[in-house]
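work-v8.csv follows (CSV, C-alpha atoms):
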```csv
chain,number,residue,atom,x,y,z
I,15,MET,CA,15.3,-21.0,-3.6
I,16,LYS,CA,14.1,-17.5,-2.9
I,17,LYS,CA,12.0,-15.9,-0.2
I,18,PHE,CA,10.7,-12.5,0.7
I,19,VAL,CA,12.1,-11.6,4.2
I,20,ILE,CA,10.3,-9.2,6.5
I,21,GLU,CA,12.0,-8.0,9.6
I,22,THR,CA,9.5,-8.2,12.5
I,23,ASP,CA,11.5,-5.8,14.7
I,24,LYS,CA,11.4,-3.1,12.1
I,25,LEU,CA,7.6,-3.5,11.6
I,26,ALA,CA,7.1,-3.3,15.3
I,27,ALA,CA,9.3,-0.2,15.5
I,28,ASN,CA,7.3,1.4,12.7
I,29,ALA,CA,4.0,0.6,14.4
I,30,GLN,CA,5.2,2.3,17.6
I,31,ALA,CA,6.5,5.3,15.7
I,32,ILE,CA,3.3,5.7,13.7
I,33,GLN,CA,1.2,5.6,16.9
I,34,ASP,CA,3.4,8.1,18.6
I,35,ARG,CA,3.2,10.4,15.6
I,36,ALA,CA,-0.6,10.1,15.3
I,37,GLY,CA,-1.5,10.6,18.9
I,38,VAL,CA,-4.9,9.2,18.0
I,39,PRO,CA,-6.1,5.7,17.2
I,40,VAL,CA,-4.5,4.1,14.1
I,41,ILE,CA,-6.5,2.1,11.6
I,42,ALA,CA,-4.0,-0.2,9.9
I,43,VAL,CA,-4.8,-0.7,6.3
I,44,LEU,CA,-4.0,-4.3,5.1
I,45,LYS,CA,-5.3,-4.1,1.6
I,46,ALA,CA,-3.6,-6.0,-1.3
I,47,ASP,CA,-2.5,-8.7,1.1
I,48,GLY,CA,-0.9,-6.2,3.4
I,49,TYR,CA,0.8,-4.3,0.6
I,50,GLY,CA,2.4,-7.6,-0.4
I,51,PHE,CA,3.7,-8.3,3.1
I,52,GLY,CA,1.0,-10.8,4.0
I,53,MET,CA,-2.2,-9.6,5.5
I,54,LEU,CA,-2.4,-12.2,8.3
I,55,GLN,CA,1.3,-12.0,9.2
I,56,MET,CA,1.1,-8.2,9.4
I,57,ALA,CA,-2.1,-8.2,11.4
I,58,LYS,CA,-0.4,-10.5,14.0
I,59,VAL,CA,2.6,-8.2,14.5
I,60,LEU,CA,0.5,-5.0,14.5
I,61,SER,CA,-2.0,-6.4,17.0
I,62,GLU,CA,0.9,-7.4,19.2
I,63,ASN,CA,2.1,-3.8,19.1
I,64,GLY,CA,-1.0,-1.9,20.0
I,65,ILE,CA,-3.1,-1.7,16.8
I,66,THR,CA,-6.7,-2.6,17.5
I,67,MET,CA,-8.4,-1.4,14.2
I,68,PHE,CA,-7.8,-2.8,10.7
I,69,ALA,CA,-9.1,-1.8,7.2
I,70,VAL,CA,-9.3,-3.9,4.1
I,71,THR,CA,-10.7,-3.4,0.6
I,72,GLU,CA,-12.2,-6.8,-0.1
I,73,PRO,CA,-15.1,-8.1,2.0
I,74,GLU,CA,-13.6,-11.6,1.9
I,75,ASP,CA,-10.5,-10.2,3.6
I,76,ALA,CA,-12.6,-9.1,6.6
I,77,LEU,CA,-14.0,-12.6,6.8
I,78,THR,CA,-10.5,-14.1,6.6
I,79,LEU,CA,-9.3,-11.9,9.5
I,80,ARG,CA,-12.3,-13.0,11.6
I,81,GLU,CA,-11.8,-16.7,10.8
I,82,ASN,CA,-8.1,-16.4,11.9
I,83,GLY,CA,-8.9,-15.1,15.4
I,84,TYR,CA,-9.3,-11.3,15.0
I,85,THR,CA,-12.7,-11.3,16.6
I,86,SER,CA,-12.7,-8.2,18.7
I,87,GLN,CA,-10.9,-5.7,16.4
I,88,LEU,CA,-12.8,-3.1,14.3
I,89,ILE,CA,-12.4,-4.1,10.7
I,90,LEU,CA,-13.4,-1.5,8.2
I,91,VAL,CA,-14.2,-2.6,4.6
I,92,MET,CA,-13.2,0.5,2.6
I,93,ARG,CA,-14.9,-0.4,-0.7
I,94,SER,CA,-18.4,0.9,-0.9
I,95,THR,CA,-20.6,-1.6,-2.7
I,96,ALA,CA,-24.1,-1.7,-4.1
I,97,MET,CA,-23.9,-5.5,-4.5
I,98,GLN,CA,-26.0,-7.2,-1.8
I,99,ASP,CA,-24.0,-10.4,-1.9
I,100,GLU,CA,-20.8,-8.5,-1.0
I,101,ALA,CA,-22.7,-6.6,1.7
I,102,GLU,CA,-23.8,-9.9,3.2
I,103,ILE,CA,-20.1,-11.0,3.5
I,104,VAL,CA,-19.4,-7.8,5.4
I,105,VAL,CA,-22.3,-8.3,7.7
I,106,ARG,CA,-21.4,-12.0,8.3
I,107,ALA,CA,-17.9,-10.9,9.2
I,108,ASN,CA,-19.3,-8.4,11.7
I,109,ALA,CA,-17.2,-5.8,9.9
I,110,THR,CA,-17.9,-2.1,9.4
I,111,ALA,CA,-19.1,-1.4,5.9
I,112,THR,CA,-18.4,1.7,3.9
I,113,ILE,CA,-21.5,3.5,2.5
I,114,GLY,CA,-20.7,5.8,-0.4
I,115,SER,CA,-24.0,6.0,-2.1
I,116,PRO,CA,-27.8,5.5,-1.5
I,117,GLU,CA,-27.5,2.2,-3.4
I,118,ALA,CA,-24.8,1.0,-1.1
I,119,ALA,CA,-26.9,1.9,1.9
I,120,ALA,CA,-29.9,0.0,0.5
I,121,ALA,CA,-27.7,-3.1,-0.2
I,122,LEU,CA,-26.3,-3.1,3.3
I,123,SER,CA,-29.7,-2.6,4.8
I,124,ALA,CA,-31.1,-5.5,2.8
I,125,ALA,CA,-28.2,-7.7,3.7
I,126,ALA,CA,-28.6,-7.0,7.4
I,127,GLN,CA,-32.3,-7.6,7.3
I,128,LYS,CA,-31.8,-10.9,5.4
I,129,LEU,CA,-29.3,-12.1,8.0
I,130,GLY,CA,-31.5,-11.0,10.9
I,131,THR,CA,-29.0,-8.5,12.4
I,132,ALA,CA,-27.9,-4.9,12.4
I,133,ALA,CA,-24.9,-3.6,10.4
I,134,LYS,CA,-22.3,-1.0,11.2
I,135,ALA,CA,-21.0,1.4,8.7
I,136,HIS,CA,-18.8,4.4,8.1
I,137,LEU,CA,-20.0,7.0,5.6
I,138,LYS,CA,-17.5,7.9,2.8
I,139,LEU,CA,-17.3,11.4,1.5
I,140,ASP,CA,-15.9,12.0,-2.0
I,141,THR,CA,-13.8,15.2,-1.8
I,142,GLY,CA,-12.0,14.7,-5.1
I,143,MET,CA,-10.9,11.1,-5.4
I,144,GLY,CA,-13.8,10.3,-7.7
I,145,ARG,CA,-14.4,6.7,-6.9
I,146,TYR,CA,-16.5,6.0,-3.8
I,147,GLY,CA,-18.4,8.5,-1.7
I,148,PHE,CA,-21.2,11.1,-1.4
I,149,LEU,CA,-20.5,14.6,-2.7
I,150,SER,CA,-20.7,17.4,-0.3
I,151,SER,CA,-23.7,18.7,-2.2
I,152,GLN,CA,-25.6,15.5,-1.3
I,153,TYR,CA,-26.1,16.5,2.3
I,154,GLU,CA,-29.7,15.4,2.5
I,155,HIS,CA,-28.7,11.9,1.3
I,156,ILE,CA,-25.9,11.8,3.9
I,157,LYS,CA,-28.3,12.8,6.6
I,158,THR,CA,-30.7,10.1,5.4
I,159,VAL,CA,-28.0,7.4,5.7
I,160,TYR,CA,-27.5,8.5,9.4
I,161,THR,CA,-31.1,8.7,10.3
I,162,ARG,CA,-33.4,6.6,8.1
I,163,VAL,CA,-31.7,3.4,6.8
I,164,PRO,CA,-33.2,0.4,8.6
I,165,ASN,CA,-30.8,-2.1,10.3
I,166,VAL,CA,-27.8,0.1,9.8
I,167,THR,CA,-25.9,2.2,12.4
I,168,VAL,CA,-23.4,4.7,11.1
I,169,THR,CA,-20.4,4.9,13.5
I,170,GLY,CA,-18.0,7.1,11.5
I,171,ILE,CA,-17.3,9.2,8.5
I,172,TYR,CA,-14.2,9.6,6.3
I,173,THR,CA,-12.6,10.8,3.1
I,174,HIS,CA,-9.4,10.0,1.2
I,175,PHE,CA,-6.7,12.4,0.2
I,176,HIS,CA,-5.7,12.2,-3.4
I,177,SER,CA,-2.5,14.4,-3.3
I,178,ALA,CA,-1.3,14.5,0.3
I,179,PHE,CA,2.2,13.6,-1.0
I,180,ALA,CA,2.3,16.7,-3.2
I,181,ASP,CA,-0.4,19.3,-2.8
I,182,GLY,CA,-1.0,20.8,0.7
I,183,ASP,CA,-3.7,23.3,-0.4
I,184,ALA,CA,-5.8,20.6,-2.1
I,185,THR,CA,-5.4,18.3,0.9
I,186,HIS,CA,-6.5,20.9,3.4
I,187,LYS,CA,-9.5,21.7,1.2
I,188,GLN,CA,-10.5,18.1,1.2
I,189,CYS,CA,-10.3,17.9,5.0
I,190,ALA,CA,-12.3,21.2,5.2
I,191,GLN,CA,-15.1,19.6,3.2
I,192,LEU,CA,-15.2,16.7,5.6
I,193,LEU,CA,-15.3,19.0,8.6
I,194,GLU,CA,-18.1,21.1,7.1
I,195,ILE,CA,-20.3,18.0,6.7
I,196,THR,CA,-19.6,16.8,10.2
I,197,GLU,CA,-20.4,20.3,11.6
I,198,ARG,CA,-23.7,20.3,9.7
I,199,LEU,CA,-24.6,16.9,11.1
I,200,THR,CA,-23.8,18.0,14.6
I,201,ALA,CA,-25.9,21.1,14.2
I,202,ASP,CA,-28.8,18.8,13.1
I,203,GLY,CA,-28.4,16.8,16.3
I,204,ILE,CA,-26.6,13.9,14.6
I,205,GLU,CA,-23.4,12.3,16.0
I,206,PRO,CA,-21.0,11.9,13.0
I,207,GLY,CA,-19.0,9.2,14.8
I,208,LEU,CA,-15.3,8.6,14.2
I,209,ARG,CA,-13.8,11.1,11.8
I,210,HIS,CA,-10.7,10.1,9.8
I,211,ALA,CA,-9.0,11.3,6.7
I,212,ALA,CA,-5.2,11.2,7.0
I,213,ASN,CA,-3.4,8.4,5.1
I,214,SER,CA,0.3,7.7,5.4
I,215,SER,CA,1.3,10.8,3.4
I,216,GLY,CA,-1.3,12.8,5.3
I,217,LEU,CA,0.0,11.7,8.6
I,218,TYR,CA,3.7,12.4,7.9
I,219,GLY,CA,3.2,15.5,5.7
I,220,TYR,CA,1.0,17.5,8.0
I,221,ASP,CA,0.5,18.1,11.7
I,222,ASP,CA,-3.1,19.2,11.7
I,223,LEU,CA,-5.1,16.4,9.8
I,224,THR,CA,-5.2,13.6,12.3
I,225,LEU,CA,-8.9,14.2,13.5
I,226,ASP,CA,-10.2,11.3,15.5
I,227,ALA,CA,-8.1,8.6,13.9
I,228,VAL,CA,-5.7,8.0,11.0
I,229,ARG,CA,-5.8,5.4,8.3
I,230,VAL,CA,-2.3,4.2,7.6
I,231,GLY,CA,-1.0,1.4,5.3
I,232,SER,CA,2.2,1.9,3.4
I,233,ALA,CA,3.8,3.8,6.3
I,234,PHE,CA,4.1,0.5,8.3
I,235,THR,CA,6.4,-0.7,5.5
I,236,GLY,CA,8.5,2.4,5.5
I,237,ARG,CA,7.8,2.9,1.8
I,238,ILE,CA,5.9,6.2,1.5
I,239,PRO,CA,6.6,9.3,-0.6
I,240,SER,CA,7.7,12.1,1.7
I,241,LYS,CA,9.7,15.3,1.3
I,242,ALA,CA,11.1,15.0,4.8
I,243,PRO,CA,12.6,12.0,6.6
I,244,THR,CA,10.0,10.0,8.4
I,245,GLY,CA,12.4,8.0,10.6
I,246,LEU,CA,10.5,4.8,9.5
I,247,HIS,CA,12.4,1.6,8.6
I,248,ARG,CA,12.2,0.4,5.0
I,249,LEU,CA,10.8,-3.1,5.4
I,250,GLY,CA,11.4,-6.3,3.4
I,251,TYR,CA,13.9,-7.7,0.9
I,252,LEU,CA,14.1,-10.7,-1.4
I,253,GLU,CA,16.7,-13.3,-0.7
I,254,SER,CA,18.0,-15.8,-3.2
I,255,ARG,CA,21.3,-17.5,-4.1
I,256,VAL,CA,23.9,-17.4,-6.9
I,257,ILE,CA,23.1,-20.6,-8.9
I,258,GLU,CA,25.9,-20.3,-11.5
I,259,LEU,CA,29.1,-18.5,-12.2
I,260,ARG,CA,30.5,-18.2,-15.7
I,261,GLU,CA,33.2,-16.3,-17.6
I,262,VAL,CA,32.5,-14.4,-20.9
I,263,PRO,CA,35.0,-12.5,-23.1
I,264,ALA,CA,35.1,-8.8,-23.9
I,265,GLY,CA,32.5,-7.9,-26.5
I,266,HIS,CA,30.0,-10.4,-25.4
I,267,THR,CA,26.3,-9.4,-25.2
I,268,VAL,CA,24.2,-10.0,-22.1
I,269,GLY,CA,20.4,-10.2,-21.8
I,270,TYR,CA,17.4,-9.7,-24.0
I,271,GLY,CA,17.9,-7.2,-26.8
I,272,ALA,CA,21.7,-7.4,-26.3
I,273,GLY,CA,21.2,-4.6,-23.8
I,274,TYR,CA,24.8,-4.8,-22.5
I,275,VAL,CA,28.1,-5.5,-24.1
I,276,THR,CA,31.1,-6.4,-21.9
I,277,LYS,CA,34.1,-4.2,-22.1
I,278,ARG,CA,36.5,-6.8,-20.7
I,279,PRO,CA,36.5,-10.4,-19.7
I,280,THR,CA,33.7,-10.6,-17.2
I,281,LYS,CA,32.7,-13.1,-14.4
I,282,ILE,CA,28.9,-13.3,-14.3
I,283,ALA,CA,26.8,-14.6,-11.4
I,284,VAL,CA,23.3,-15.8,-12.3
I,285,VAL,CA,20.5,-15.3,-9.7
I,286,PRO,CA,17.1,-16.9,-10.3
I,287,VAL,CA,15.1,-13.7,-9.6
I,288,GLY,CA,13.4,-11.4,-12.2
I,289,TYR,CA,10.6,-9.0,-12.7
I,290,THR,CA,8.1,-11.8,-11.9
I,291,ASP,CA,9.4,-11.5,-8.4
I,292,GLY,CA,9.0,-7.7,-8.2
I,293,PHE,CA,12.6,-6.9,-9.0
I,294,SER,CA,13.1,-3.7,-11.0
I,295,VAL,CA,9.3,-3.3,-11.4
I,296,GLU,CA,7.3,-0.2,-10.9
I,297,LYS,CA,3.7,0.7,-11.5
I,298,LYS,CA,2.7,2.3,-14.7
I,299,LYS,CA,3.2,6.0,-14.9
I,300,ASP,CA,-0.1,8.0,-14.9
I,301,LEU,CA,0.7,10.8,-17.4
I,302,TYR,CA,-2.7,12.6,-17.4
I,303,ARG,CA,-1.4,16.1,-16.7
I,304,PHE,CA,1.4,18.1,-18.3
I,305,ARG,CA,3.3,18.5,-15.0
I,306,ASP,CA,3.2,14.7,-14.6
I,307,VAL,CA,4.8,14.3,-18.1
I,308,ILE,CA,7.5,16.8,-17.2
I,309,ARG,CA,8.3,15.0,-13.9
I,310,TYR,CA,8.4,11.7,-15.7
I,311,LEU,CA,10.8,13.0,-18.4
I,312,ILE,CA,13.1,14.6,-15.8
I,313,GLY,CA,13.3,11.3,-13.9
I,314,GLU,CA,14.1,9.3,-17.1
I,315,ILE,CA,16.8,11.8,-18.0
I,316,ARG,CA,18.4,11.5,-14.6
I,317,THR,CA,18.2,7.7,-14.9
I,318,PHE,CA,19.9,7.9,-18.3
I,319,PHE,CA,22.8,10.0,-17.0
I,320,ARG,CA,23.2,7.6,-14.1
I,321,LYS,CA,23.4,4.9,-16.9
I,322,GLY,CA,20.6,3.1,-15.2
I,323,ILE,CA,22.9,1.2,-12.9
I,324,ILE,CA,21.0,-1.3,-10.7
I,325,THR,CA,22.9,-3.3,-8.0
I,326,VAL,CA,22.3,-6.4,-6.0
I,327,GLN,CA,24.0,-7.3,-2.7
I,328,VAL,CA,25.9,-10.5,-3.0
I,329,ASP,CA,27.4,-11.7,0.3
I,330,GLY,CA,27.1,-8.1,1.4
I,331,LYS,CA,28.9,-6.6,-1.5
I,332,PRO,CA,27.2,-4.6,-4.4
I,333,ALA,CA,27.2,-6.3,-7.8
I,334,ARG,CA,26.0,-4.5,-10.9
I,335,VAL,CA,23.1,-5.9,-13.0
I,336,LEU,CA,24.2,-6.5,-16.6
I,337,GLY,CA,21.6,-6.0,-19.3
I,338,HIS,CA,17.9,-6.2,-18.9
I,339,VAL,CA,16.3,-7.9,-15.9
I,340,GLY,CA,14.6,-11.1,-17.2
I,341,LEU,CA,11.3,-12.7,-16.2
I,342,CYS,CA,12.9,-15.0,-13.7
I,343,HIS,CA,16.7,-14.4,-13.7
I,344,VAL,CA,19.3,-11.7,-13.5
I,345,SER,CA,23.0,-11.5,-14.5
I,346,LEU,CA,25.4,-9.8,-12.2
I,347,ASP,CA,29.0,-8.6,-12.8
I,348,VAL,CA,31.1,-10.2,-10.0
I,349,THR,CA,34.5,-9.9,-11.7
I,350,ALA,CA,36.0,-8.0,-8.8
I,351,LEU,CA,34.3,-10.1,-6.1
I,352,ASP,CA,35.3,-13.4,-4.5
I,353,ILE,CA,32.0,-15.1,-5.0
I,354,LYS,CA,31.1,-18.8,-5.0
I,355,VAL,CA,28.0,-20.7,-6.1
I,356,GLY,CA,25.5,-20.6,-3.4
I,357,ALA,CA,26.4,-17.1,-2.3
I,358,THR,CA,23.5,-15.1,-0.8
I,359,ALA,CA,21.9,-12.5,-3.0
I,360,VAL,CA,19.7,-9.7,-1.4
I,361,LEU,CA,17.5,-7.7,-3.7
I,362,ASP,CA,15.3,-4.6,-3.1
I,363,VAL,CA,12.0,-5.5,-4.7
I,364,ASN,CA,8.5,-4.0,-5.0
I,365,PRO,CA,6.5,-6.1,-2.5
I,366,LEU,CA,3.2,-5.5,-4.4
I,367,TYR,CA,4.6,-7.4,-7.4
I,368,VAL,CA,6.3,-10.3,-5.7
I,369,SER,CA,5.0,-13.6,-7.0
I,370,PRO,CA,2.5,-15.3,-4.7
I,371,LEU,CA,4.7,-18.4,-5.2
I,372,VAL,CA,7.5,-16.8,-3.2
I,373,GLU,CA,7.6,-17.7,0.4
I,374,LYS,CA,7.1,-14.9,2.9
I,375,GLU,CA,9.3,-15.3,6.0
I,376,TYR,CA,9.0,-13.0,9.1
I,377,VAL,CA,12.2,-13.0,11.0
```
Have the structure of the file written as structure tokens, please.
Amino acid sequence: MKKFVIETDKLAANAQAIQDRAGVPVIAVLKADGYGFGMLQMAKVLSENGITMFAVTEPEDALTLRENGYTSQLILVMRSTAMQDEAEIVVRANATATIGSPEAAAALSAAAQKLGTAAKAHLKLDTGMGRYGFLSSQYEHIKTVYTRVPNVTVTGIYTHFHSAFADGDATHKQCAQLLEITERLTADGIEPGLRHAANSSGLYGYDDLTLDAVRVGSAFTGRIPSKAPTGLHRLGYLESRVIELREVPAGHTVGYGAGYVTKRPTKIAVVPVGYTDGFSVEKKKDLYRFRDVIRYLIGEIRTFFRKGIITVQVDGKPARVLGHVGLCHVSLDVTALDIKVGATAVLDVNPLYVSPLVEKEYV
């Protein structure tokens, strides 16, 4: 038995702290099933704690939220799409679409016309992320989206910071591009609508980028890169049990590749959790720049000198992982611990990689 446990009180406290920090409306990003914490469960707790705007990536997620009772909240679909069938889902969900290209504007307009209604949208500005959005040089296209797209009303404009966690100069330049466009729109007699740019790192790394709203996701989970303490609670842990205890002699190998050799007679506890459950898993390193390679190498060297020790809490006491973490099991050194079969094991995992077969329990 194993379950991913989410502490409701910590999520509620994070929601309040984020709103206090922002001082403006907060758009709660629930993409990737709420960053692995469960989109619907997170939406419930956040709505109970003052959050009235959500954002998702997939059009189907907007529809799911509506079908589960979130009928009055603004729901922003952040993925610009030129696919009319996807645009129709956004319109049916009465969600706010993202328009990041003339083609996306045309698809949304056609979808709204087909369904006999009007669509709402926020315009996306690409200030360096390189995936969705108009370039600053495409001002006439931007202006056209606001003024001459049938069946579509633009109610906001935003961009996304690519390096708020590491590069202040680049982040402020991105925000300046957004503000320049909104100023031009205003000068032309066009109301830009809700302006938002700050993500989790943008909110906690800077004091001057909140604009009219902030768009926050990972901060709710307390898992954001930040040079300074955020005061947020780290949310979620995987809970399982010790299913076997065994004794092995000195010189015995443990795990795939014989990655560990015991130095003395050792008592091993087996827990049925592995990297399929998000334990000891991280996303692939993006080593496109020389400085990224250097940072990665420094991190690996530090890990080597720390001997790569990973621990699991068993009945509240740390137990070292022996050898490599397996697909669905891990071996722990409990020689010095008074541990019995059935003891509770608590593991820090990456929620994004927890198997969908693992139950999520809000407590």
Quiz prompt | Top pick for closest residue to Val348 of chain I, considering I:Leu259, I:Val70, I:Val105, I:Ala264 and counting only C-alpha atoms | solution =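 Looking only at the distances to Val348 of chain I, the closest residue turns out to be I:Leu259.
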Practice problem: Find the spatial neighbours of Asn63 of chain I, counting all atoms listed in the file, within a cut-off of 9 Å - ignore same-chain residues fewer than 2 positions away - and output them as a ChimeraX atom specification. | Solution: /I:26-27,29-30,58-61,65
Since we have the selection now, will you write its residues out, keeping C-alpha atoms, as a tab-separated table (two decimals), in the frame of the given file?
```tsv
chain	number	residue	atom	x	y	z
I	26	ALA	CA	7.10	-3.30	15.30
I	27	ALA	CA	9.30	-0.20	15.50
I	29	ALA	CA	4.00	0.60	14.40
I	30	GLN	CA	5.20	2.30	17.60
I	58	LYS	CA	-0.40	-10.50	14.00
I	59	VAL	CA	2.60	-8.20	14.50
I	60	LEU	CA	0.50	-5.00	14.50
I	61	SER	CA	-2.00	-6.40	17.00
I	65	ILE	CA	-3.10	-1.70	16.80
```
Quiz item: Expressed in Å to a single decimal, how great is the separation between atom CA of Gly37 of chain I and atom CA of Glu197 of chain I?
Solution: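 Taking atom CA of Gly37 of chain I and atom CA of Glu197 of chain I, their separation equals 22.5 Å.
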Quiz item: What is the distance, in Å and to one decimal place, between atom CA of Val168 of chain I and atom CA of Val43 of chain I?
Solution: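 Between these atoms lies a distance of 20.0 Å.
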Quiz item: Quick one: residues within 8 Å of segment 367-376 of chain I, all atoms listed in the file counted, chain neighbours fewer than 6 positions away excluded, as a ChimeraX atom specification?
Solution: /I:16-22,50-52,55,290-293,295
Exercise. Using all atoms listed in the file, give me every residue within 8 Å of (-16.5, 16.5, 6.0) in file coordinates, as a PyMOL selection string.
Key: chain I and resi 139+150+171-173+188-197
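Minimum distance to His210 of chain I across I:Tyr146, I:Phe234, I:Asn82, I:Ile41 (counting only C-alpha atoms) occurs at I:Ile41.
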Exercise. Go through I:Pro365, I:Gly356, I:Gly207, I:Gly144 and flag the residue nearest Pro286 of chain I, using all atoms listed in the file for the distances.
Key: I:Gly356
I want to know what sits within 9 Å of Tyr220 of chain I, based on only C-alpha atoms, with residues of the same chain fewer than 5 positions away left out; could you give that as a JSON list (two decimals) with C-alpha atoms, in the coordinates of the input?
```json
[["chain", "number", "residue", "atom", "x", "y", "z"],
["I", 178, "ALA", "CA", -1.30, 14.50, 0.30],
["I", 182, "GLY", "CA", -1.00, 20.80, 0.70],
["I", 212, "ALA", "CA", -5.20, 11.20, 7.00],
["I", 215, "SER", "CA", 1.30, 10.80, 3.40]]
```
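Among I:Arg260, I:Lys24, I:Arg162, I:His186, the residue with the shortest atom-to-atom distance to Val355 of chain I, counting all atoms listed in the file, is I:Arg260.
Interatomic distance, atom CA of Ile156 of chain I against atom CA of Ala120 of chain I: 12.9 Å.
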